[in-house]
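K.L.:
Pasting start.csv below, which is CSV, N, CA and C atoms.
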chain,number,residue,atom,x,y,z
A,1,MET,N,-6.5,-11.8,-1.9
A,1,MET,CA,-6.9,-12.3,-3.2
A,1,MET,C,-7.2,-13.8,-3.1
A,2,LEU,N,-6.5,-14.5,-2.3
A,2,LEU,CA,-6.6,-16.0,-2.2
A,2,LEU,C,-8.0,-16.3,-1.8
A,3,VAL,N,-8.5,-15.7,-0.8
A,3,VAL,CA,-9.9,-16.1,-0.3
A,3,VAL,C,-11.0,-15.3,-0.9
A,4,ARG,N,-10.7,-14.2,-1.4
A,4,ARG,CA,-11.8,-13.3,-2.0
A,4,ARG,C,-12.1,-13.6,-3.5
A,5,TYR,N,-11.0,-13.8,-4.2
A,5,TYR,CA,-11.1,-14.0,-5.7
A,5,TYR,C,-10.3,-15.2,-6.2
A,6,PRO,N,-10.4,-16.4,-5.6
A,6,PRO,CA,-9.5,-17.5,-6.0
A,6,PRO,C,-9.6,-17.9,-7.4
A,7,GLU,N,-10.8,-17.7,-8.0
A,7,GLU,CA,-11.0,-18.1,-9.4
A,7,GLU,C,-10.2,-17.3,-10.4
A,8,ARG,N,-9.7,-16.1,-10.0
A,8,ARG,CA,-9.1,-15.2,-10.9
A,8,ARG,C,-7.6,-15.5,-11.0
A,9,PHE,N,-7.0,-16.5,-10.3
A,9,PHE,CA,-5.6,-16.7,-10.3
A,9,PHE,C,-5.2,-18.1,-10.5
A,10,GLY,N,-4.1,-18.4,-11.2
A,10,GLY,CA,-3.6,-19.7,-11.4
A,10,GLY,C,-2.7,-20.1,-10.2
A,11,ALA,N,-2.1,-19.0,-9.6
A,11,ALA,CA,-1.2,-19.2,-8.5
A,11,ALA,C,-1.0,-17.8,-7.9
A,12,LEU,N,-0.5,-17.7,-6.7
A,12,LEU,CA,-0.3,-16.4,-6.0
A,12,LEU,C,1.0,-16.4,-5.3
A,13,PHE,N,1.6,-15.2,-5.2
A,13,PHE,CA,2.8,-15.0,-4.4
A,13,PHE,C,2.4,-13.9,-3.4
A,14,CYS,N,2.4,-14.2,-2.1
A,14,CYS,CA,2.0,-13.2,-1.1
A,14,CYS,C,3.1,-12.9,-0.2
A,15,THR,N,3.5,-11.6,-0.1
A,15,THR,CA,4.7,-11.2,0.7
A,15,THR,C,4.3,-10.3,1.9
A,16,ILE,N,4.9,-10.5,3.0
A,16,ILE,CA,4.7,-9.7,4.2
A,16,ILE,C,3.2,-9.5,4.5
A,17,PRO,N,2.4,-10.5,4.6
A,17,PRO,CA,1.0,-10.4,4.7
A,17,PRO,C,0.5,-10.0,6.1
A,18,LEU,N,-0.5,-9.1,6.1
A,18,LEU,CA,-1.3,-8.8,7.3
A,18,LEU,C,-2.6,-9.7,7.2
A,19,ILE,N,-2.6,-10.8,7.8
A,19,ILE,CA,-3.7,-11.8,7.5
A,19,ILE,C,-4.7,-12.0,8.6
A,20,ASP,N,-4.2,-12.0,9.9
A,20,ASP,CA,-5.0,-12.3,11.0
A,20,ASP,C,-5.5,-11.0,11.6
A,21,MET,N,-6.7,-10.6,11.2
A,21,MET,CA,-7.2,-9.3,11.6
A,21,MET,C,-7.8,-9.4,13.0
A,22,ARG,N,-7.9,-10.5,13.6
A,22,ARG,CA,-8.4,-10.7,15.0
A,22,ARG,C,-7.2,-10.3,16.0
A,23,ARG,N,-6.0,-10.7,15.6
A,23,ARG,CA,-4.9,-10.5,16.6
A,23,ARG,C,-3.9,-9.5,16.1
A,24,TYR,N,-4.1,-8.8,15.0
A,24,TYR,CA,-3.1,-7.9,14.5
A,24,TYR,C,-2.7,-6.8,15.5
A,25,THR,N,-3.6,-6.4,16.3
A,25,THR,CA,-3.2,-5.3,17.3
A,25,THR,C,-2.3,-5.8,18.4
A,26,LYS,N,-2.1,-7.1,18.5
A,26,LYS,CA,-1.3,-7.7,19.6
A,26,LYS,C,0.1,-7.9,19.2
A,27,LEU,N,0.4,-7.7,17.9
A,27,LEU,CA,1.7,-8.1,17.3
A,27,LEU,C,2.5,-6.8,16.8
A,28,LEU,N,3.6,-6.6,17.3
A,28,LEU,CA,4.5,-5.5,16.8
A,28,LEU,C,3.8,-4.2,16.7
A,29,ALA,N,3.8,-3.6,15.5
A,29,ALA,CA,3.3,-2.2,15.4
A,29,ALA,C,1.7,-2.2,15.2
A,30,GLY,N,1.1,-3.4,15.2
A,30,GLY,CA,-0.3,-3.5,14.9
A,30,GLY,C,-1.2,-2.6,15.7
A,31,ALA,N,-0.9,-2.4,16.9
A,31,ALA,CA,-1.8,-1.5,17.7
A,31,ALA,C,-1.9,-0.1,17.1
A,32,SER,N,-0.8,0.3,16.4
A,32,SER,CA,-0.9,1.7,15.9
A,32,SER,C,-1.7,1.8,14.6
A,33,TRP,N,-2.3,0.7,14.1
A,33,TRP,CA,-3.1,0.7,12.9
A,33,TRP,C,-4.6,0.6,13.2
A,34,ILE,N,-5.0,0.7,14.5
A,34,ILE,CA,-6.4,0.6,14.9
A,34,ILE,C,-7.2,1.7,14.2
A,35,ALA,N,-6.7,2.9,14.1
A,35,ALA,CA,-7.5,4.0,13.4
A,35,ALA,C,-7.7,3.7,12.0
A,36,GLU,N,-6.8,2.9,11.4
A,36,GLU,CA,-6.9,2.6,9.9
A,36,GLU,C,-7.8,1.4,9.7
A,37,TYR,N,-7.6,0.3,10.5
A,37,TYR,CA,-8.4,-0.9,10.2
A,37,TYR,C,-9.6,-1.1,11.1
A,38,GLY,N,-9.5,-0.6,12.3
A,38,GLY,CA,-10.6,-0.9,13.3
A,38,GLY,C,-10.0,-1.7,14.4
A,39,ASP,N,-10.8,-1.8,15.5
A,39,ASP,CA,-10.4,-2.5,16.7
A,39,ASP,C,-11.1,-3.8,16.8
A,40,PRO,N,-10.4,-4.9,16.7
A,40,PRO,CA,-11.1,-6.2,16.7
A,40,PRO,C,-11.6,-6.6,18.1
A,41,ASP,N,-11.2,-5.8,19.1
A,41,ASP,CA,-11.8,-6.1,20.5
A,41,ASP,C,-13.1,-5.5,20.7
A,42,LYS,N,-13.6,-4.6,19.7
A,42,LYS,CA,-14.9,-4.0,19.8
A,42,LYS,C,-15.8,-4.9,18.9
A,43,PRO,N,-16.8,-5.5,19.4
A,43,PRO,CA,-17.6,-6.4,18.6
A,43,PRO,C,-18.1,-5.9,17.3
A,44,GLU,N,-18.6,-4.6,17.3
A,44,GLU,CA,-19.1,-4.1,16.1
A,44,GLU,C,-18.0,-3.9,15.0
A,45,GLU,N,-16.8,-3.6,15.4
A,45,GLU,CA,-15.7,-3.5,14.5
A,45,GLU,C,-15.1,-4.8,14.0
A,46,TRP,N,-15.1,-5.8,15.0
A,46,TRP,CA,-14.7,-7.2,14.6
A,46,TRP,C,-15.7,-7.7,13.6
A,47,ALA,N,-17.0,-7.4,13.7
A,47,ALA,CA,-18.0,-7.9,12.7
A,47,ALA,C,-17.6,-7.5,11.3
A,48,TRP,N,-17.0,-6.3,11.1
A,48,TRP,CA,-16.5,-5.9,9.8
A,48,TRP,C,-15.2,-6.5,9.4
A,49,LEU,N,-14.2,-6.5,10.4
A,49,LEU,CA,-12.9,-7.0,10.1
A,49,LEU,C,-12.9,-8.5,9.7
A,50,GLN,N,-13.8,-9.3,10.4
A,50,GLN,CA,-13.8,-10.7,10.1
A,50,GLN,C,-14.3,-11.0,8.7
A,51,THR,N,-14.9,-10.1,8.0
A,51,THR,CA,-15.4,-10.3,6.6
A,51,THR,C,-14.2,-10.3,5.6
A,52,TYR,N,-13.1,-9.7,6.0
A,52,TYR,CA,-12.0,-9.7,5.1
A,52,TYR,C,-10.7,-10.2,5.7
A,53,SER,N,-10.7,-10.7,6.9
A,53,SER,CA,-9.6,-11.3,7.5
A,53,SER,C,-9.3,-12.7,6.8
A,54,ALA,N,-8.3,-12.7,6.0
A,54,ALA,CA,-8.0,-13.9,5.2
A,54,ALA,C,-7.9,-15.2,6.1
A,55,TYR,N,-7.2,-15.0,7.3
A,55,TYR,CA,-7.1,-16.2,8.1
A,55,TYR,C,-8.4,-16.7,8.6
A,56,HIS,N,-9.4,-15.9,8.8
A,56,HIS,CA,-10.7,-16.3,9.3
A,56,HIS,C,-11.7,-16.7,8.2
A,57,THR,N,-11.4,-16.3,6.9
A,57,THR,CA,-12.3,-16.6,5.9
A,57,THR,C,-11.8,-17.8,5.0
A,58,ALA,N,-10.6,-18.2,5.2
A,58,ALA,CA,-10.1,-19.4,4.5
A,58,ALA,C,-10.8,-20.7,5.1
A,59,ILE,N,-11.4,-21.4,4.3
A,59,ILE,CA,-12.2,-22.6,4.8
A,59,ILE,C,-11.9,-23.8,3.9
A,60,PRO,N,-12.1,-25.0,4.4
A,60,PRO,CA,-11.9,-26.2,3.6
A,60,PRO,C,-12.9,-26.3,2.5
A,61,GLY,N,-12.6,-27.0,1.5
A,61,GLY,CA,-13.6,-27.3,0.4
A,61,GLY,C,-13.6,-26.2,-0.7
A,62,GLN,N,-13.0,-25.2,-0.5
A,62,GLN,CA,-12.9,-24.1,-1.6
A,62,GLN,C,-11.8,-24.5,-2.6
A,63,HIS,N,-11.9,-23.9,-3.8
A,63,HIS,CA,-10.8,-24.1,-4.7
A,63,HIS,C,-9.9,-22.9,-4.6
A,64,TYR,N,-8.8,-23.1,-3.9
A,64,TYR,CA,-7.8,-22.1,-3.8
A,64,TYR,C,-6.6,-22.4,-4.7
A,65,PRO,N,-6.0,-21.5,-5.4
A,65,PRO,CA,-4.9,-21.8,-6.2
A,65,PRO,C,-3.6,-22.0,-5.4
A,66,PRO,N,-2.6,-22.6,-5.9
A,66,PRO,CA,-1.3,-22.7,-5.1
A,66,PRO,C,-0.8,-21.3,-4.7
A,67,ILE,N,-0.2,-21.3,-3.5
A,67,ILE,CA,0.3,-20.0,-3.0
A,67,ILE,C,1.6,-20.2,-2.4
A,68,LEU,N,2.5,-19.2,-2.6
A,68,LEU,CA,3.7,-19.1,-1.9
A,68,LEU,C,3.6,-17.9,-1.0
A,69,ILE,N,3.7,-18.1,0.3
A,69,ILE,CA,3.6,-17.0,1.3
A,69,ILE,C,5.0,-16.8,1.9
A,70,ALA,N,5.4,-15.5,1.7
A,70,ALA,CA,6.8,-15.2,2.2
A,70,ALA,C,6.7,-14.1,3.2
A,71,THR,N,7.6,-14.2,4.1
A,71,THR,CA,7.8,-13.1,5.1
A,71,THR,C,9.3,-13.0,5.4
A,72,THR,N,9.6,-12.2,6.4
A,72,THR,CA,11.0,-12.1,6.8
A,72,THR,C,11.0,-12.2,8.3
A,73,ARG,N,12.0,-12.8,8.9
A,73,ARG,CA,12.1,-13.0,10.3
A,73,ARG,C,12.4,-11.6,11.0
A,74,ARG,N,12.9,-10.6,10.4
A,74,ARG,CA,13.2,-9.4,11.0
A,74,ARG,C,12.3,-8.2,10.7
A,75,ASP,N,11.1,-8.5,10.2
A,75,ASP,CA,10.1,-7.4,9.9
A,75,ASP,C,9.7,-6.8,11.3
A,76,ASP,N,9.9,-5.5,11.4
A,76,ASP,CA,9.5,-4.8,12.7
A,76,ASP,C,8.1,-4.2,12.6
A,77,ARG,N,7.4,-4.4,11.6
A,77,ARG,CA,6.0,-3.9,11.5
A,77,ARG,C,5.0,-5.0,11.4
A,78,VAL,N,5.0,-5.8,10.4
A,78,VAL,CA,4.1,-6.9,10.2
A,78,VAL,C,4.7,-8.2,10.8
A,79,HIS,N,4.2,-8.7,11.8
A,79,HIS,CA,4.8,-9.9,12.5
A,79,HIS,C,4.8,-11.1,11.5
A,80,PRO,N,5.9,-11.8,11.4
A,80,PRO,CA,6.0,-13.0,10.6
A,80,PRO,C,5.0,-14.1,10.9
A,81,GLY,N,4.4,-14.0,12.1
A,81,GLY,CA,3.4,-15.0,12.6
A,81,GLY,C,2.2,-15.0,11.7
A,82,HIS,N,1.9,-13.8,11.1
A,82,HIS,CA,0.7,-13.8,10.1
A,82,HIS,C,0.9,-14.8,9.0
A,83,ALA,N,2.1,-14.7,8.4
A,83,ALA,CA,2.4,-15.6,7.3
A,83,ALA,C,2.5,-17.1,7.7
A,84,ARG,N,3.2,-17.3,8.9
A,84,ARG,CA,3.4,-18.6,9.4
A,84,ARG,C,2.0,-19.3,9.7
A,85,LYS,N,1.1,-18.6,10.3
A,85,LYS,CA,-0.2,-19.1,10.7
A,85,LYS,C,-1.0,-19.5,9.4
A,86,MET,N,-1.0,-18.6,8.4
A,86,MET,CA,-1.8,-18.8,7.2
A,86,MET,C,-1.3,-20.0,6.4
A,87,ALA,N,0.0,-20.1,6.3
A,87,ALA,CA,0.6,-21.2,5.6
A,87,ALA,C,0.3,-22.5,6.3
A,88,ALA,N,0.4,-22.5,7.6
A,88,ALA,CA,0.1,-23.7,8.4
A,88,ALA,C,-1.4,-24.1,8.2
A,89,LYS,N,-2.2,-23.1,8.3
A,89,LYS,CA,-3.7,-23.4,8.2
A,89,LYS,C,-4.0,-24.0,6.8
A,90,LEU,N,-3.5,-23.4,5.8
A,90,LEU,CA,-3.8,-23.9,4.4
A,90,LEU,C,-3.2,-25.3,4.2
A,91,GLN,N,-2.0,-25.5,4.7
A,91,GLN,CA,-1.4,-26.8,4.6
A,91,GLN,C,-2.2,-27.9,5.4
A,92,ALA,N,-2.7,-27.5,6.6
A,92,ALA,CA,-3.5,-28.4,7.4
A,92,ALA,C,-4.8,-28.8,6.7
A,93,MET,N,-5.3,-27.9,5.9
A,93,MET,CA,-6.6,-28.1,5.2
A,93,MET,C,-6.4,-28.8,3.9
A,94,GLY,N,-5.1,-29.1,3.5
A,94,GLY,CA,-4.8,-29.9,2.3
A,94,GLY,C,-4.5,-29.0,1.1
A,95,TYR,N,-4.4,-27.7,1.3
A,95,TYR,CA,-4.1,-26.9,0.1
A,95,TYR,C,-2.6,-26.8,-0.2
A,96,GLU,N,-2.3,-26.5,-1.5
A,96,GLU,CA,-0.9,-26.4,-2.0
A,96,GLU,C,-0.4,-25.0,-1.5
A,97,ALA,N,0.1,-24.9,-0.3
A,97,ALA,CA,0.6,-23.7,0.2
A,97,ALA,C,2.1,-23.9,0.6
A,98,TYR,N,2.9,-22.9,0.1
A,98,TYR,CA,4.4,-23.0,0.4
A,98,TYR,C,4.7,-21.8,1.2
A,99,PHE,N,5.8,-21.9,2.0
A,99,PHE,CA,6.2,-20.9,2.9
A,99,PHE,C,7.7,-20.6,2.8
A,100,TYR,N,8.1,-19.3,2.8
A,100,TYR,CA,9.5,-18.9,2.7
A,100,TYR,C,9.7,-17.8,3.7
A,101,GLU,N,10.8,-18.0,4.5
A,101,GLU,CA,11.1,-17.0,5.6
A,101,GLU,C,12.6,-16.9,5.8
A,102,PRO,N,13.2,-16.0,5.0
A,102,PRO,CA,14.7,-15.9,5.2
A,102,PRO,C,15.0,-15.1,6.5
A,103,ALA,N,16.1,-15.3,7.0
A,103,ALA,CA,16.5,-14.6,8.3
A,103,ALA,C,16.8,-13.1,8.0
A,104,ALA,N,17.3,-12.8,6.8
A,104,ALA,CA,17.6,-11.4,6.5
A,104,ALA,C,16.3,-10.7,6.0
A,105,GLY,N,16.4,-9.4,6.0
A,105,GLY,CA,15.3,-8.6,5.5
A,105,GLY,C,14.5,-8.0,6.6
A,106,GLY,N,13.8,-6.9,6.2
A,106,GLY,CA,13.0,-6.2,7.1
A,106,GLY,C,11.6,-6.1,6.5
A,107,HIS,N,10.9,-5.0,6.7
A,107,HIS,CA,9.6,-4.8,6.2
A,107,HIS,C,9.6,-4.8,4.6
A,108,GLY,N,10.6,-4.2,4.0
A,108,GLY,CA,10.7,-4.3,2.6
A,108,GLY,C,11.3,-5.7,2.3
A,109,TYR,N,10.4,-6.6,1.8
A,109,TYR,CA,10.8,-8.0,1.6
A,109,TYR,C,12.1,-8.2,0.9
A,110,GLY,N,12.9,-9.0,1.5
A,110,GLY,CA,14.2,-9.4,0.9
A,110,GLY,C,15.3,-8.4,1.0
A,111,LYS,N,15.0,-7.4,1.8
A,111,LYS,CA,16.0,-6.3,1.9
A,111,LYS,C,16.5,-6.3,3.4
A,112,ASP,N,17.7,-5.8,3.5
A,112,ASP,CA,18.2,-5.5,4.9
A,112,ASP,C,18.7,-4.1,4.9
A,113,ASN,N,19.1,-3.6,6.0
A,113,ASN,CA,19.5,-2.2,6.2
A,113,ASN,C,20.9,-1.9,5.6
A,114,THR,N,21.6,-2.8,5.1
A,114,THR,CA,23.0,-2.5,4.6
A,114,THR,C,22.9,-1.6,3.4
A,115,GLY,N,21.9,-1.9,2.5
A,115,GLY,CA,21.8,-1.0,1.4
A,115,GLY,C,21.4,0.4,1.7
A,116,ALA,N,20.5,0.5,2.7
A,116,ALA,CA,20.0,1.8,3.1
A,116,ALA,C,21.2,2.6,3.7
A,117,ARG,N,22.1,1.9,4.5
A,117,ARG,CA,23.2,2.6,5.1
A,117,ARG,C,24.2,3.1,4.0
A,118,ARG,N,24.4,2.3,2.9
A,118,ARG,CA,25.2,2.7,1.8
A,118,ARG,C,24.7,3.9,1.1
A,119,VAL,N,23.4,4.0,0.9
A,119,VAL,CA,22.7,5.1,0.3
A,119,VAL,C,22.9,6.3,1.2
A,120,ARG,N,22.7,6.2,2.5
A,120,ARG,CA,22.9,7.4,3.3
A,120,ARG,C,24.3,7.9,3.3
A,121,ARG,N,25.3,7.0,3.3
A,121,ARG,CA,26.7,7.4,3.3
A,121,ARG,C,27.1,8.0,1.9
A,122,ALA,N,26.5,7.6,0.9
A,122,ALA,CA,26.8,8.1,-0.5
A,122,ALA,C,26.2,9.4,-0.7
A,123,ARG,N,25.1,9.8,0.0
A,123,ARG,CA,24.4,11.0,-0.2
A,123,ARG,C,25.3,12.2,0.1
A,124,PRO,N,25.4,13.2,-0.9
A,124,PRO,CA,26.2,14.3,-0.6
A,124,PRO,C,25.6,15.2,0.5
A,125,THR,N,26.5,15.8,1.3
A,125,THR,CA,26.0,16.7,2.3
A,125,THR,C,26.0,18.1,1.8
A,126,PRO,N,25.0,18.9,2.1
A,126,PRO,CA,24.9,20.3,1.7
A,126,PRO,C,26.1,21.1,2.2
A,127,SER,N,26.6,22.0,1.4
A,127,SER,CA,27.8,22.9,1.9
A,127,SER,C,27.3,24.2,2.4
What is this file in structure tokens?

P.N.:
Amino acid sequence: MLVRYPERFGALFCTIPLIDMRRYTKLLAGASWIAEYGDPDKPEEWAWLQTYSAYHTAIPGQHYPPILIATTRRDDRVHPGHARKMAAKLQAMGYEAYFYEPAAGGHGYGKDNTGARRVRRARPTPS
């Protein structure tokens, strides 16, 4: 939304973002998503991917609203590097970009597995 429709927002909150479509296959579970998104190592597929890769379409001189980009250090699917890189790029270009990365949590932002364990333990077993 930030780079595609910036005029529609006064501010954005972006969590667990998949932003760098050039390198997503190299990080964590990304290689398993090639069938869904395409293979950036194939020139004809990268030609399409780069049109919506937020990391690659963010450019200086545009009017982007302030953004808070949040990730978690323990996400086992979307590497936190996506969020880190985008926040750093926007800040380097002078945009109002904020970054939040707590140590706790997994792919479900702000969650950890203790709640899931409690739910599993509380679930009745069939007799």

K.L.:
Please indicate the distance in Å from atom N of Asp41 (chain A) to atom C of Arg22 (chain A), rounded to one decimal place.

P.N.:
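It comes out at 6.8 Å.
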
K.L.:
Do you know which residues lie at most 6 Å from (7.7, -14.5, 4.1), with coordinates as in the file and only N, CA and C atoms counted, and could you write them as a list in words?

P.N.:
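Residues satisfying the cut-off, written out: Thr15, Ile16, Ile69, Ala70, Thr71, Thr72, Tyr100, Glu101 and Pro102 of chain A.
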
K.L.:
For a test of reading the model, state the distance in Å between CA of Arg73 (chain A) and CA of Ala29 (chain A), rounded to one decimal.

P.N.:
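Rounded to one decimal, the two atoms are 14.8 Å apart.
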
K.L.:
Can you pull out the residues contacting His79 (chain A)? Cut-off 6 Å, using all atoms listed in the file, and skip same-chain residues under 4 positions away; I want them as a list in words.

P.N.:
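Listing them by chain and then by number gives Leu27, Leu28, Asp75 and Ala83 of chain A.
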
K.L.:
How far is it from CA of Lys89 (chain A) to atom N of Ala54 (chain A), in Å with one decimal?

P.N.:
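Going from CA of Lys89 (chain A) over to atom N of Ala54 (chain A) covers 11.9 Å.
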
K.L.:
Skip Ala47 (chain A) itself and residues of its chain fewer than 5 positions away, then list as number ranges by chain all residues within 12 Å of it, counting only C-alpha atoms.

P.N.:
A: 21-22, 38-42, 52-53, 56

K.L.:
With N, CA and C atoms retained, could you export that selection as an mmCIF file, in the coordinates of the input?

P.N.:
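Listed below is the output, part_24.cif:
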data_model
loop_
_atom_site.group_PDB
_atom_site.id
_atom_site.type_symbol
_atom_site.label_atom_id
_atom_site.label_comp_id
_atom_site.auth_asym_id
_atom_site.auth_seq_id
_atom_site.Cartn_x
_atom_site.Cartn_y
_atom_site.Cartn_z
ATOM 1 N N MET A 21 -6.700 -10.600 11.200
ATOM 2 C CA MET A 21 -7.200 -9.300 11.600
ATOM 3 C C MET A 21 -7.800 -9.400 13.000
ATOM 4 N N ARG A 22 -7.900 -10.500 13.600
ATOM 5 C CA ARG A 22 -8.400 -10.700 15.000
ATOM 6 C C ARG A 22 -7.200 -10.300 16.000
ATOM 7 N N GLY A 38 -9.500 -0.600 12.300
ATOM 8 C CA GLY A 38 -10.600 -0.900 13.300
ATOM 9 C C GLY A 38 -10.000 -1.700 14.400
ATOM 10 N N ASP A 39 -10.800 -1.800 15.500
ATOM 11 C CA ASP A 39 -10.400 -2.500 16.700
ATOM 12 C C ASP A 39 -11.100 -3.800 16.800
ATOM 13 N N PRO A 40 -10.400 -4.900 16.700
ATOM 14 C CA PRO A 40 -11.100 -6.200 16.700
ATOM 15 C C PRO A 40 -11.600 -6.600 18.100
ATOM 16 N N ASP A 41 -11.200 -5.800 19.100
ATOM 17 C CA ASP A 41 -11.800 -6.100 20.500
ATOM 18 C C ASP A 41 -13.100 -5.500 20.700
ATOM 19 N N LYS A 42 -13.600 -4.600 19.700
ATOM 20 C CA LYS A 42 -14.900 -4.000 19.800
ATOM 21 C C LYS A 42 -15.800 -4.900 18.900
ATOM 22 N N TYR A 52 -13.100 -9.700 6.000
ATOM 23 C CA TYR A 52 -12.000 -9.700 5.100
ATOM 24 C C TYR A 52 -10.700 -10.200 5.700
ATOM 25 N N SER A 53 -10.700 -10.700 6.900
ATOM 26 C CA SER A 53 -9.600 -11.300 7.500
ATOM 27 C C SER A 53 -9.300 -12.700 6.800
ATOM 28 N N HIS A 56 -9.400 -15.900 8.800
ATOM 29 C CA HIS A 56 -10.700 -16.300 9.300
ATOM 30 C C HIS A 56 -11.700 -16.700 8.200
#

K.L.:
Could you tell me, as JSON, numbers by chain, which residues of chain A DSSP assigns to strand (DSSP E) when given the backbone?

P.N.:
{"A": [12, 13, 14, 15, 67, 68, 69, 70, 97, 98, 99, 100]}

K.L.:
Could you write those residues out with N, CA and C atoms, as a short mmCIF file (atom, residue, chain, number, x, y, z; two decimals), in the coordinates of the input?

P.N.:
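Result written to part14.cif:
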data_model
loop_
_atom_site.label_atom_id
_atom_site.label_comp_id
_atom_site.auth_asym_id
_atom_site.auth_seq_id
_atom_site.Cartn_x
_atom_site.Cartn_y
_atom_site.Cartn_z
N LEU A 12 -0.50 -17.70 -6.70
CA LEU A 12 -0.30 -16.40 -6.00
C LEU A 12 1.00 -16.40 -5.30
N PHE A 13 1.60 -15.20 -5.20
CA PHE A 13 2.80 -15.00 -4.40
C PHE A 13 2.40 -13.90 -3.40
N CYS A 14 2.40 -14.20 -2.10
CA CYS A 14 2.00 -13.20 -1.10
C CYS A 14 3.10 -12.90 -0.20
N THR A 15 3.50 -11.60 -0.10
CA THR A 15 4.70 -11.20 0.70
C THR A 15 4.30 -10.30 1.90
N ILE A 67 -0.20 -21.30 -3.50
CA ILE A 67 0.30 -20.00 -3.00
C ILE A 67 1.60 -20.20 -2.40
N LEU A 68 2.50 -19.20 -2.60
CA LEU A 68 3.70 -19.10 -1.90
C LEU A 68 3.60 -17.90 -1.00
N ILE A 69 3.70 -18.10 0.30
CA ILE A 69 3.60 -17.00 1.30
C ILE A 69 5.00 -16.80 1.90
N ALA A 70 5.40 -15.50 1.70
CA ALA A 70 6.80 -15.20 2.20
C ALA A 70 6.70 -14.10 3.20
N ALA A 97 0.10 -24.90 -0.30
CA ALA A 97 0.60 -23.70 0.20
C ALA A 97 2.10 -23.90 0.60
N TYR A 98 2.90 -22.90 0.10
CA TYR A 98 4.40 -23.00 0.40
C TYR A 98 4.70 -21.80 1.20
N PHE A 99 5.80 -21.90 2.00
CA PHE A 99 6.20 -20.90 2.90
C PHE A 99 7.70 -20.60 2.80
N TYR A 100 8.10 -19.30 2.80
CA TYR A 100 9.50 -18.90 2.70
C TYR A 100 9.70 -17.80 3.70
#

K.L.:
List every residue of chain A that DSSP, applied to the backbone of this structure, places in helix (DSSP H, G or I), and write the result as a ChimeraX atom specification.

P.N.:
/A:6-8,24-26,28-37,43-49,54-57,81-92,113-122

K.L.:
Counting all atoms listed in the file, what is within 8 Å of Ala88 (chain A), bar same-chain residues fewer than 5 positions away, as a compact mmCIF listing (two decimals) with N, CA and C atoms, in the frame of the given file?

P.N.:
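So result-v5.txt came out as:
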# COMPACT_ATOMS: atom_id res chain seq x y z
N HIS A 82 1.90 -13.80 11.10
CA HIS A 82 0.70 -13.80 10.10
C HIS A 82 0.90 -14.80 9.00
N ALA A 83 2.10 -14.70 8.40
CA ALA A 83 2.40 -15.60 7.30
C ALA A 83 2.50 -17.10 7.70
N MET A 93 -5.30 -27.90 5.90
CA MET A 93 -6.60 -28.10 5.20
C MET A 93 -6.40 -28.80 3.90
N GLY A 94 -5.10 -29.10 3.50
CA GLY A 94 -4.80 -29.90 2.30
C GLY A 94 -4.50 -29.00 1.10
N ALA A 97 0.10 -24.90 -0.30
CA ALA A 97 0.60 -23.70 0.20
C ALA A 97 2.10 -23.90 0.60
N TYR A 98 2.90 -22.90 0.10
CA TYR A 98 4.40 -23.00 0.40
C TYR A 98 4.70 -21.80 1.20
N PHE A 99 5.80 -21.90 2.00
CA PHE A 99 6.20 -20.90 2.90
C PHE A 99 7.70 -20.60 2.80
